[in-house]
Structures are given as C-alpha cells and as structure tokens.
>>> print(open('query-v4.tsv').read())   # TSV, C-alpha atoms
chain	number	residue	atom	x	y	z
J	50	MET	CA	-15.66	15.08	24.55
J	51	SER	CA	-17.06	13.09	21.66
J	52	GLY	CA	-18.58	14.18	18.40
J	53	THR	CA	-19.00	13.37	14.75
J	54	LEU	CA	-16.80	14.88	12.09
J	55	ASP	CA	-19.02	15.95	9.21
J	56	ASN	CA	-17.50	17.09	5.95
J	57	ARG	CA	-18.49	18.82	2.74
J	58	ILE	CA	-15.87	17.26	0.49
J	59	ARG	CA	-18.47	15.92	-1.91
J	60	VAL	CA	-20.00	19.39	-2.27
J	61	TYR	CA	-16.63	21.00	-2.99
J	62	ARG	CA	-15.73	18.23	-5.42
J	63	ALA	CA	-18.98	18.81	-7.27
J	64	GLU	CA	-18.30	22.54	-7.45
J	65	HIS	CA	-14.82	21.90	-8.83
J	66	ARG	CA	-16.04	19.02	-11.02
J	67	MET	CA	-13.52	16.66	-9.53
J	68	SER	CA	-13.74	12.91	-9.05
J	69	GLN	CA	-12.49	11.28	-5.88
J	70	GLY	CA	-9.49	10.08	-7.87
J	71	ASP	CA	-8.70	13.62	-9.06
J	72	LEU	CA	-8.76	14.97	-5.50
J	73	ALA	CA	-6.74	12.02	-4.24
J	74	ASP	CA	-4.04	12.61	-6.85
J	75	ALA	CA	-4.05	16.35	-6.15
J	76	ILE	CA	-3.27	15.94	-2.46
J	77	GLY	CA	-1.19	12.76	-2.72
J	78	VAL	CA	-3.40	10.14	-1.09
J	79	SER	CA	-5.22	7.10	-2.43
J	80	ARG	CA	-8.80	7.30	-3.71
J	81	LYS	CA	-9.92	4.93	-0.96
J	82	THR	CA	-8.65	7.43	1.62
J	83	ILE	CA	-10.80	10.17	0.07
J	84	SER	CA	-13.89	7.97	-0.28
J	85	THR	CA	-13.70	6.77	3.34
J	86	ILE	CA	-13.21	10.32	4.65
J	87	GLU	CA	-16.14	11.50	2.55
J	88	VAL	CA	-18.59	8.94	3.96
J	89	GLY	CA	-17.36	9.57	7.51
J	90	ARG	CA	-15.81	6.17	7.95
J	91	PHE	CA	-12.29	7.49	8.39
J	92	VAL	CA	-11.22	10.58	10.36
J	93	PRO	CA	-8.36	12.15	8.41
J	94	SER	CA	-5.14	13.40	9.92
J	95	THR	CA	-4.68	17.14	10.37
J	96	ILE	CA	-2.24	17.13	7.45
J	97	ILE	CA	-4.75	15.58	5.06
J	98	ALA	CA	-7.55	17.88	6.28
J	99	LEU	CA	-5.36	20.93	5.72
J	100	LYS	CA	-4.26	19.70	2.30
J	101	ILE	CA	-7.89	19.24	1.22
J	102	ALA	CA	-8.81	22.69	2.50
J	103	ARG	CA	-5.79	24.27	0.83
J	104	HIS	CA	-6.61	22.54	-2.44
J	105	PHE	CA	-10.11	24.05	-2.48
J	106	GLY	CA	-8.77	27.40	-1.27
J	107	VAL	CA	-10.94	27.56	1.85
J	108	ALA	CA	-10.46	27.33	5.61
J	109	VAL	CA	-10.47	23.83	7.02
J	110	GLU	CA	-13.62	24.67	9.04
J	111	GLU	CA	-15.47	25.26	5.76
J	112	ILE	CA	-15.00	21.60	4.89
J	113	PHE	CA	-14.86	19.85	8.25
J	114	ASN	CA	-17.31	20.44	11.04
J	115	LEU	CA	-17.48	18.78	14.46
J	116	THR	CA	-21.07	17.94	15.38
J	117	GLU	CA	-21.83	17.32	19.05
J	118	GLU	CA	-23.71	14.10	19.70
A	1	MET	CA	-7.35	-3.00	-5.49
A	2	ILE	CA	-4.57	-5.55	-5.20
A	3	PHE	CA	-3.33	-4.96	-8.75
A	4	PRO	CA	-3.27	-1.20	-9.41
A	5	PRO	CA	-2.65	0.01	-12.97
A	6	LYS	CA	0.86	0.84	-14.20
A	7	ASP	CA	0.16	4.57	-13.86
A	8	ALA	CA	-1.08	4.23	-10.28
A	9	SER	CA	-0.26	7.10	-7.94
A	10	PRO	CA	2.39	6.67	-5.23
A	11	ALA	CA	-0.39	6.53	-2.62
A	12	GLN	CA	-2.11	3.69	-4.49
A	13	VAL	CA	1.18	1.80	-4.72
A	14	ALA	CA	1.66	2.23	-0.95
A	15	ASP	CA	-1.88	0.92	-0.30
A	16	GLN	CA	-1.26	-1.99	-2.63
A	17	PHE	CA	1.94	-2.83	-0.74
A	18	VAL	CA	0.03	-3.03	2.56
A	19	GLN	CA	-2.75	-5.11	1.03
A	20	ARG	CA	-0.29	-7.55	-0.54
A	21	THR	CA	1.55	-7.79	2.79
A	22	ILE	CA	-1.70	-8.77	4.49
A	23	ILE	CA	-2.33	-11.50	1.90
A	24	GLY	CA	1.23	-12.69	2.44
A	25	MET	CA	0.59	-12.84	6.20
A	26	MET	CA	-2.55	-14.90	5.66
A	27	LEU	CA	-0.56	-17.37	3.55
A	28	LEU	CA	2.22	-17.37	6.15
A	29	SER	CA	-0.40	-18.11	8.81
A	30	ILE	CA	-1.54	-21.19	6.86
A	31	SER	CA	2.10	-22.21	6.45
A	32	TYR	CA	2.73	-21.96	10.21
A	33	GLY	CA	-0.53	-23.80	10.85
A	34	GLY	CA	0.84	-26.61	8.69
A	35	LYS	CA	4.11	-26.59	10.64
A	36	ALA	CA	2.17	-26.78	13.89
A	37	ALA	CA	0.13	-29.68	12.56
A	38	MET	CA	3.30	-31.51	11.49
A	39	SER	CA	4.35	-31.87	15.12
A	40	ILE	CA	1.21	-33.78	16.11
A	41	VAL	CA	0.09	-35.71	13.02
A	42	PRO	CA	1.40	-39.11	11.77
A	43	THR	CA	4.43	-39.23	9.44
A	44	GLY	CA	2.23	-40.04	6.44
A	45	VAL	CA	0.34	-36.77	6.81
A	46	VAL	CA	3.58	-34.82	7.32
A	47	LYS	CA	4.70	-35.98	3.86
A	48	VAL	CA	1.60	-34.32	2.42
A	49	ILE	CA	1.87	-31.09	4.42
A	50	ALA	CA	5.60	-30.50	3.74
A	51	PRO	CA	5.31	-29.87	-0.04
A	52	VAL	CA	2.22	-27.72	0.51
A	53	SER	CA	4.26	-25.62	2.92
A	54	VAL	CA	6.96	-25.15	0.25
A	55	LEU	CA	4.33	-24.12	-2.31
A	56	LEU	CA	2.92	-21.61	0.17
A	57	SER	CA	6.39	-20.12	0.69
A	58	VAL	CA	6.71	-19.61	-3.07
A	59	ALA	CA	3.23	-18.09	-3.22
A	60	ILE	CA	4.11	-15.66	-0.41
A	61	VAL	CA	7.17	-14.44	-2.33
A	62	LEU	CA	5.14	-14.12	-5.55
A	63	VAL	CA	2.40	-12.12	-3.81
A	64	VAL	CA	4.54	-9.81	-1.67
A	65	ALA	CA	7.66	-9.26	-3.80
A	66	PRO	CA	6.07	-7.26	-6.68
A	67	GLY	CA	4.39	-4.83	-4.30
A	68	PHE	CA	7.55	-4.59	-2.20
A	69	ILE	CA	9.79	-3.88	-5.21
A	70	ARG	CA	7.41	-1.34	-6.71
A	71	TYR	CA	6.91	0.46	-3.42
A	72	PHE	CA	10.60	0.76	-2.55
A	73	ALA	CA	11.56	1.66	-6.12
A	74	LEU	CA	9.07	4.49	-5.87
A	75	ARG	CA	10.45	5.63	-2.53
A	76	LYS	CA	14.00	5.50	-3.81
A	77	ALA	CA	13.01	7.59	-6.81
A	78	GLY	CA	11.50	10.14	-4.43
A	79	GLY	CA	8.09	9.70	-6.02
A	80	GLY	CA	6.07	9.75	-2.85
A	81	ASN	CA	4.83	13.06	-1.57
A	82	CYS	CA	1.93	11.23	0.02
A	83	PRO	CA	1.68	11.03	3.80
A	84	GLU	CA	1.56	7.22	3.74
A	85	ALA	CA	1.22	7.00	7.50
A	86	ASP	CA	-2.04	8.96	7.22
A	87	SER	CA	-3.71	6.82	4.58
A	88	TYR	CA	-6.87	4.88	5.35
A	89	ILE	CA	-5.26	1.51	4.54
A	90	THR	CA	-2.24	2.20	6.78
A	91	GLN	CA	-4.48	3.28	9.66
A	92	MET	CA	-6.57	0.12	9.29
A	93	TYR	CA	-3.38	-1.93	9.25
A	94	ARG	CA	-2.39	-0.34	12.56
A	95	GLU	CA	-5.80	-0.99	14.07
A	96	ALA	CA	-5.64	-4.60	12.89
A	97	ALA	CA	-2.16	-4.90	14.44
A	98	VAL	CA	-3.54	-3.71	17.80
A	99	TRP	CA	-6.35	-6.28	17.61
A	100	ALA	CA	-3.87	-9.01	16.68
A	101	PHE	CA	-1.56	-8.06	19.53
A	102	SER	CA	-4.42	-8.17	22.04
A	103	PHE	CA	-5.57	-11.53	20.69
A	104	THR	CA	-2.02	-12.96	20.84
A	105	PHE	CA	-1.52	-11.68	24.37
A	106	ILE	CA	-4.76	-13.28	25.60
A	107	LEU	CA	-3.91	-16.51	23.74
A	108	LEU	CA	-0.47	-16.68	25.38
A	109	MET	CA	-1.98	-15.96	28.79
A	110	ALA	CA	-4.51	-18.77	28.28
A	111	LEU	CA	-1.79	-21.16	27.13
A	112	GLY	CA	0.40	-20.26	30.10
A	113	PHE	CA	-2.54	-20.70	32.46
A	114	GLY	CA	-3.38	-24.04	30.85
A	115	THR	CA	0.21	-25.22	31.23
A	116	GLU	CA	0.30	-24.25	34.92
A	117	LEU	CA	-2.88	-26.20	35.54
A	118	GLY	CA	-1.59	-29.15	33.51
A	119	LEU	CA	-4.55	-28.96	31.12
A	120	HIS	CA	-2.45	-29.77	28.07
A	121	THR	CA	0.82	-31.46	27.20
A	122	TRP	CA	1.24	-30.17	23.66
A	123	PRO	CA	4.70	-30.24	22.05
A	124	THR	CA	6.54	-26.93	22.20
A	125	ALA	CA	6.79	-26.74	18.39
A	126	PHE	CA	3.02	-27.14	18.13
A	127	VAL	CA	2.35	-24.36	20.66
A	128	LEU	CA	4.87	-21.92	19.14
A	129	ASN	CA	3.94	-22.50	15.48
A	130	GLY	CA	0.26	-22.59	16.32
A	131	THR	CA	0.48	-19.30	18.21
A	132	ILE	CA	2.33	-17.62	15.34
A	133	ALA	CA	-0.26	-18.99	12.89
A	134	LEU	CA	-3.20	-17.70	14.95
A	135	SER	CA	-1.50	-14.35	15.54
A	136	LEU	CA	-0.94	-13.80	11.81
A	137	ALA	CA	-4.46	-14.99	11.02
A	138	ALA	CA	-5.85	-12.55	13.60
A	139	LEU	CA	-4.00	-9.69	11.90
A	140	ALA	CA	-5.20	-10.64	8.42
A	141	PHE	CA	-8.78	-11.26	9.56
A	142	SER	CA	-8.94	-8.00	11.54
A	143	PHE	CA	-7.68	-6.07	8.51
A	144	TYR	CA	-10.27	-7.74	6.28
A	145	ARG	CA	-13.05	-7.00	8.79
A	146	LEU	CA	-12.02	-3.35	9.07
A	147	THR	CA	-11.77	-2.72	5.33
A	148	ARG	CA	-14.40	-5.02	3.81
A	149	ASP	CA	-17.24	-2.47	3.49
A	150	THR	CA	-15.27	0.40	2.00
A	151	ASP	CA	-16.93	2.03	-0.95
A	152	GLU	CA	-15.31	1.30	-4.29
A	153	GLU	CA	-17.50	3.65	-6.31
A	154	ASP	CA	-16.07	6.86	-7.63
A	155	ASP	CA	-18.04	10.05	-8.19
A	156	ASP	CA	-16.86	11.41	-11.48
A	157	PHE	CA	-18.95	14.54	-11.88
A	158	ASP	CA	-17.73	15.13	-15.44
A	159	GLN	CA	-18.98	11.70	-16.49
A	160	GLU	CA	-22.32	12.31	-14.78
A	161	GLN	CA	-22.69	15.59	-16.66
A	162	GLY	CA	-21.80	13.97	-19.98
A	163	ALA	CA	-24.22	11.08	-19.51
>>> encode(input="query-v4.tsv", output="structure tokens")
Amino acid sequence: MSGTLDNRIRVYRAEHRMSQGDLADAIGVSRKTISTIEVGRFVPSTIIALKIARHFGVAVEEIFNLTEE
Amino acid sequence: MIFPPKDASPAQVADQFVQRTIIGMMLLSISYGGKAAMSIVPTGVVKVIAPVSVLLSVAIVLVVAPGFIRYFALRKAGGGNCPEADSYITQMYREAAVWAFSFTFILLMALGFGTELGLHTWPTAFVLNGTIALSLAALAFSFYRLTRDTDEEDDDFDQEQGA
C-alpha cells in the first residue's frame, strides 16, 4: 500500500499565529524538521505526529491525512 | 545552519552536531585521499601532501569539536527532551549512511573482482586509504544531496500581520 501523507500544519499554525520555529520549540524538534514535514518532504515519526496533534489539541487525523495515489 | 545562535534549542544543537560531523567526514575523506595518493606519488609530492594532511586534521578537530562539546554538554545537563532520532537531519544522515554503505560494498566487490582478474596491482595502502576516502565522501555527498533543497524560510504569521 502506498500513499501520500498530507498535512494541515500550516493551517493550524496560522490559526494559532505560530511560526515554524515556535512550533518546533514547543514540541522539541528543530525548525527544519517542521518545515520539511510541512512541505511533505519528510514523513514524521508517530511520536512527532502525536506531539504536533497534542500541541494543537486535536486528533492526529485532523492534521495528517493519508491520500491514496 | 552550521552555526546556530547561543540560545538555540536542544534540537537545533543536535542538528548542528550532525551537520558538523558530516563536514568533518568530508575533510577526513580528503585527508585519506591524500594518504592514498602518498603511496603512489613521488617523494617530492609526498612532502607537499603531508603538511596539508596535518592541517586537515586540525581543521577536522576545529569543525567537529565545538558541536560535539555543545551537544554532549546539553545531554549531560538533561536539556534535550527532543526525540533526536526522529529529526529530519538525523533521518537524512541515516539514509546517507545506507547509500554510503551500498557504495562501499559495491566498490569493495569491484576491487576484489579486479584483483582476482589481475586487472590492477595497486599497493595495499592505496586501496585501503582510497576506499576509506571514497566511502566517507559518499556519505558526505549523499547527505548533501538529500538535504540541499530544504526550505530555509520561516512563516512567522505575527510578522506577516504586522507588515
């Protein structure tokens, strides 16, 4: 099974008026990690995905979505 | 971001440590390349390569040591709640290591095959140092190739609103 992992991190960051650096600091990763996840270049680990979701107070499926190719 | 600011987060320090290590490996690759060359070039050229090799060794220490010290000081102080193993830079380092391993394996197979067929009679020191040099270069190049197009722009929504 293959697919593309879409995400809505940018949308949630905008809603919370957070920069990539702010989010990175909040969940304990580097800004490059956030920016590469956001553009779909890097598939995050489950831990990072859950930390992002927990930070925004939503379910992980609200932020990450697997799109079938 | 090879030189993060003093107030860099633990995750940034960890990324910086990996990036500095890669630069150190590139320099080490050149150093081993010089050692390999020393076993096949005339004595006059060896006298030129030897001091360059010493300078490279100093450069490696100067590049890697600050990142190493800062990273392990941070770890010792317990200042890293970041899942370092999950960071983008660490993952790319692992991918680069896999590429470098594959390249080294194929190179060694080719060298072994060439030796069996009597295609070359290179000195052992040349083959060993040359292989190490190419292996390290493969790691550094793979890492560069994997990370070169990463976006450096930040989206600071507060700044956009204020502008």
>>> closest_residue(input="query-v4.tsv", among="A:Ala14, A:Val41, A:Leu117, A:Ala140", to="Tyr93 of chain A", atoms="only C-alpha atoms")
A:Ala140
>>> residues_around(input="query-v4.tsv", residues="segment 52-65 of chain A", least_positions_apart="3", cutoff="12 Å", atoms="all atoms listed in the file", output="short mmCIF file (atom, residue, chain, number, x, y, z; two decimals) with C-alpha atoms, in the frame of the given file")
data_model
loop_
_atom_site.label_atom_id
_atom_site.label_comp_id
_atom_site.auth_asym_id
_atom_site.auth_seq_id
_atom_site.Cartn_x
_atom_site.Cartn_y
_atom_site.Cartn_z
CA ILE A 2 -4.57 -5.55 -5.20
CA PHE A 3 -3.33 -4.96 -8.75
CA GLN A 16 -1.26 -1.99 -2.63
CA PHE A 17 1.94 -2.83 -0.74
CA VAL A 18 0.03 -3.03 2.56
CA GLN A 19 -2.75 -5.11 1.03
CA ARG A 20 -0.29 -7.55 -0.54
CA THR A 21 1.55 -7.79 2.79
CA ILE A 22 -1.70 -8.77 4.49
CA ILE A 23 -2.33 -11.50 1.90
CA GLY A 24 1.23 -12.69 2.44
CA MET A 25 0.59 -12.84 6.20
CA MET A 26 -2.55 -14.90 5.66
CA LEU A 27 -0.56 -17.37 3.55
CA LEU A 28 2.22 -17.37 6.15
CA SER A 29 -0.40 -18.11 8.81
CA ILE A 30 -1.54 -21.19 6.86
CA SER A 31 2.10 -22.21 6.45
CA TYR A 32 2.73 -21.96 10.21
CA GLY A 33 -0.53 -23.80 10.85
CA GLY A 34 0.84 -26.61 8.69
CA LYS A 35 4.11 -26.59 10.64
CA ALA A 36 2.17 -26.78 13.89
CA ALA A 37 0.13 -29.68 12.56
CA MET A 38 3.30 -31.51 11.49
CA VAL A 45 0.34 -36.77 6.81
CA VAL A 46 3.58 -34.82 7.32
CA LYS A 47 4.70 -35.98 3.86
CA VAL A 48 1.60 -34.32 2.42
CA ILE A 49 1.87 -31.09 4.42
CA PHE A 68 7.55 -4.59 -2.20
CA ILE A 69 9.79 -3.88 -5.21
CA ARG A 70 7.41 -1.34 -6.71
CA TYR A 71 6.91 0.46 -3.42
CA PHE A 72 10.60 0.76 -2.55
CA ALA A 73 11.56 1.66 -6.12
#
>>> interface_residues(input="query-v4.tsv", of="chain J", to="chain A", cutoff="9 Å", atoms="all atoms listed in the file", output="count of residues only")
31
>>> atom_distance(input="query-v4.tsv", atom1="atom CA of Leu139 of chain A", atom2="atom CA of Trp99 of chain A")
7.1 Å
>>> atom_distance(input="query-v4.tsv", atom1="atom CA of Ser39 of chain A", atom2="atom CA of Ala125 of chain A")
6.6 Å
>>> atom_distance(input="query-v4.tsv", atom1="atom CA of Thr53 of chain J", atom2="atom CA of Thr116 of chain J")
5.1 Å
>>> residues_around(input="query-v4.tsv", residues="Ala138 of chain A", least_positions_apart="2", cutoff="10 Å", atoms="only C-alpha atoms", output="PDB file with C-alpha atoms, keeping the file's coordinate frame")
ATOM      1  CA  MET A  25       0.590 -12.840   6.200  1.00  0.00           C
ATOM      2  CA  MET A  26      -2.550 -14.900   5.660  1.00  0.00           C
ATOM      3  CA  SER A  29      -0.400 -18.110   8.810  1.00  0.00           C
ATOM      4  CA  ALA A  96      -5.640  -4.600  12.890  1.00  0.00           C
ATOM      5  CA  ALA A  97      -2.160  -4.900  14.440  1.00  0.00           C
ATOM      6  CA  TRP A  99      -6.350  -6.280  17.610  1.00  0.00           C
ATOM      7  CA  ALA A 100      -3.870  -9.010  16.680  1.00  0.00           C
ATOM      8  CA  PHE A 101      -1.560  -8.060  19.530  1.00  0.00           C
ATOM      9  CA  SER A 102      -4.420  -8.170  22.040  1.00  0.00           C
ATOM     10  CA  PHE A 103      -5.570 -11.530  20.690  1.00  0.00           C
ATOM     11  CA  THR A 104      -2.020 -12.960  20.840  1.00  0.00           C
ATOM     12  CA  ILE A 132       2.330 -17.620  15.340  1.00  0.00           C
ATOM     13  CA  ALA A 133      -0.260 -18.990  12.890  1.00  0.00           C
ATOM     14  CA  LEU A 134      -3.200 -17.700  14.950  1.00  0.00           C
ATOM     15  CA  SER A 135      -1.500 -14.350  15.540  1.00  0.00           C
ATOM     16  CA  LEU A 136      -0.940 -13.800  11.810  1.00  0.00           C
ATOM     17  CA  ALA A 140      -5.200 -10.640   8.420  1.00  0.00           C
ATOM     18  CA  PHE A 141      -8.780 -11.260   9.560  1.00  0.00           C
ATOM     19  CA  SER A 142      -8.940  -8.000  11.540  1.00  0.00           C
ATOM     20  CA  PHE A 143      -7.680  -6.070   8.510  1.00  0.00           C
ATOM     21  CA  TYR A 144     -10.270  -7.740   6.280  1.00  0.00           C
TER      22      TYR A 144
END
>>> residues_near_point(input="query-v4.tsv", point="(-18.9, 21.9, 2.5)", cutoff="8 Å", atoms="only C-alpha atoms", output="PyMOL selection string")
chain J and resi 56-61+111-113
>>> build_atoms(input="query-v4.tsv", residues="segment 49-75 of chain A", atoms="N, CA and C atoms", output="mmCIF file, keeping the file's coordinate frame")
data_model
loop_
_atom_site.group_PDB
_atom_site.id
_atom_site.type_symbol
_atom_site.label_atom_id
_atom_site.label_comp_id
_atom_site.auth_asym_id
_atom_site.auth_seq_id
_atom_site.Cartn_x
_atom_site.Cartn_y
_atom_site.Cartn_z
ATOM 1 N N ILE A 49 1.845 -32.512 4.005
ATOM 2 C CA ILE A 49 1.870 -31.090 4.420
ATOM 3 C C ILE A 49 3.166 -30.403 3.976
ATOM 4 N N ALA A 50 4.298 -31.112 4.041
ATOM 5 C CA ALA A 50 5.600 -30.500 3.740
ATOM 6 C C ALA A 50 5.652 -29.836 2.356
ATOM 7 N N PRO A 51 5.262 -30.552 1.271
ATOM 8 C CA PRO A 51 5.310 -29.870 -0.040
ATOM 9 C C PRO A 51 4.327 -28.716 -0.159
ATOM 10 N N VAL A 52 3.189 -28.823 0.523
ATOM 11 C CA VAL A 52 2.220 -27.720 0.510
ATOM 12 C C VAL A 52 2.836 -26.483 1.160
ATOM 13 N N SER A 53 3.600 -26.724 2.219
ATOM 14 C CA SER A 53 4.260 -25.620 2.920
ATOM 15 C C SER A 53 5.271 -24.920 2.007
ATOM 16 N N VAL A 54 5.989 -25.721 1.196
ATOM 17 C CA VAL A 54 6.960 -25.150 0.250
ATOM 18 C C VAL A 54 6.230 -24.315 -0.808
ATOM 19 N N LEU A 55 5.117 -24.860 -1.316
ATOM 20 C CA LEU A 55 4.330 -24.120 -2.310
ATOM 21 C C LEU A 55 3.808 -22.806 -1.733
ATOM 22 N N LEU A 56 3.402 -22.835 -0.474
ATOM 23 C CA LEU A 56 2.920 -21.610 0.170
ATOM 24 C C LEU A 56 4.030 -20.574 0.288
ATOM 25 N N SER A 57 5.248 -21.038 0.593
ATOM 26 C CA SER A 57 6.390 -20.120 0.690
ATOM 27 C C SER A 57 6.640 -19.427 -0.646
ATOM 28 N N VAL A 58 6.543 -20.190 -1.729
ATOM 29 C CA VAL A 58 6.710 -19.610 -3.070
ATOM 30 C C VAL A 58 5.598 -18.612 -3.352
ATOM 31 N N ALA A 59 4.376 -18.983 -2.987
ATOM 32 C CA ALA A 59 3.230 -18.090 -3.220
ATOM 33 C C ALA A 59 3.395 -16.785 -2.447
ATOM 34 N N ILE A 60 3.914 -16.874 -1.223
ATOM 35 C CA ILE A 60 4.110 -15.660 -0.410
ATOM 36 C C ILE A 60 5.080 -14.709 -1.119
ATOM 37 N N VAL A 61 6.176 -15.275 -1.623
ATOM 38 C CA VAL A 61 7.170 -14.440 -2.330
ATOM 39 C C VAL A 61 6.531 -13.818 -3.570
ATOM 40 N N LEU A 62 5.755 -14.623 -4.322
ATOM 41 C CA LEU A 62 5.140 -14.120 -5.550
ATOM 42 C C LEU A 62 4.106 -13.023 -5.273
ATOM 43 N N VAL A 63 3.433 -13.122 -4.142
ATOM 44 C CA VAL A 63 2.400 -12.120 -3.810
ATOM 45 C C VAL A 63 3.043 -10.841 -3.276
ATOM 46 N N VAL A 64 3.993 -10.978 -2.366
ATOM 47 C CA VAL A 64 4.540 -9.810 -1.670
ATOM 48 C C VAL A 64 5.629 -9.095 -2.466
ATOM 49 N N ALA A 65 6.486 -9.856 -3.134
ATOM 50 C CA ALA A 65 7.660 -9.260 -3.800
ATOM 51 C C ALA A 65 7.317 -8.142 -4.801
ATOM 52 N N PRO A 66 6.335 -8.345 -5.713
ATOM 53 C CA PRO A 66 6.070 -7.260 -6.680
ATOM 54 C C PRO A 66 5.674 -5.942 -6.015
ATOM 55 N N GLY A 67 4.806 -6.033 -5.017
ATOM 56 C CA GLY A 67 4.390 -4.830 -4.300
ATOM 57 C C GLY A 67 5.554 -4.198 -3.561
ATOM 58 N N PHE A 68 6.379 -5.044 -2.952
ATOM 59 C CA PHE A 68 7.550 -4.590 -2.200
ATOM 60 C C PHE A 68 8.529 -3.850 -3.126
ATOM 61 N N ILE A 69 8.837 -4.468 -4.263
ATOM 62 C CA ILE A 69 9.790 -3.880 -5.210
ATOM 63 C C ILE A 69 9.274 -2.551 -5.755
ATOM 64 N N ARG A 70 7.990 -2.552 -6.129
ATOM 65 C CA ARG A 70 7.410 -1.340 -6.710
ATOM 66 C C ARG A 70 7.377 -0.198 -5.693
ATOM 67 N N TYR A 71 7.020 -0.551 -4.478
ATOM 68 C CA TYR A 71 6.910 0.460 -3.420
ATOM 69 C C TYR A 71 8.273 1.077 -3.102
ATOM 70 N N PHE A 72 9.293 0.221 -2.936
ATOM 71 C CA PHE A 72 10.600 0.760 -2.550
ATOM 72 C C PHE A 72 11.317 1.418 -3.728
ATOM 73 N N ALA A 73 11.017 0.975 -4.945
ATOM 74 C CA ALA A 73 11.560 1.660 -6.120
ATOM 75 C C ALA A 73 11.006 3.082 -6.181
ATOM 76 N N LEU A 74 9.728 3.185 -5.856
ATOM 77 C CA LEU A 74 9.070 4.490 -5.870
ATOM 78 C C LEU A 74 9.653 5.404 -4.793
ATOM 79 N N ARG A 75 9.873 4.842 -3.631
ATOM 80 C CA ARG A 75 10.450 5.630 -2.530
ATOM 81 C C ARG A 75 11.856 6.099 -2.863
#
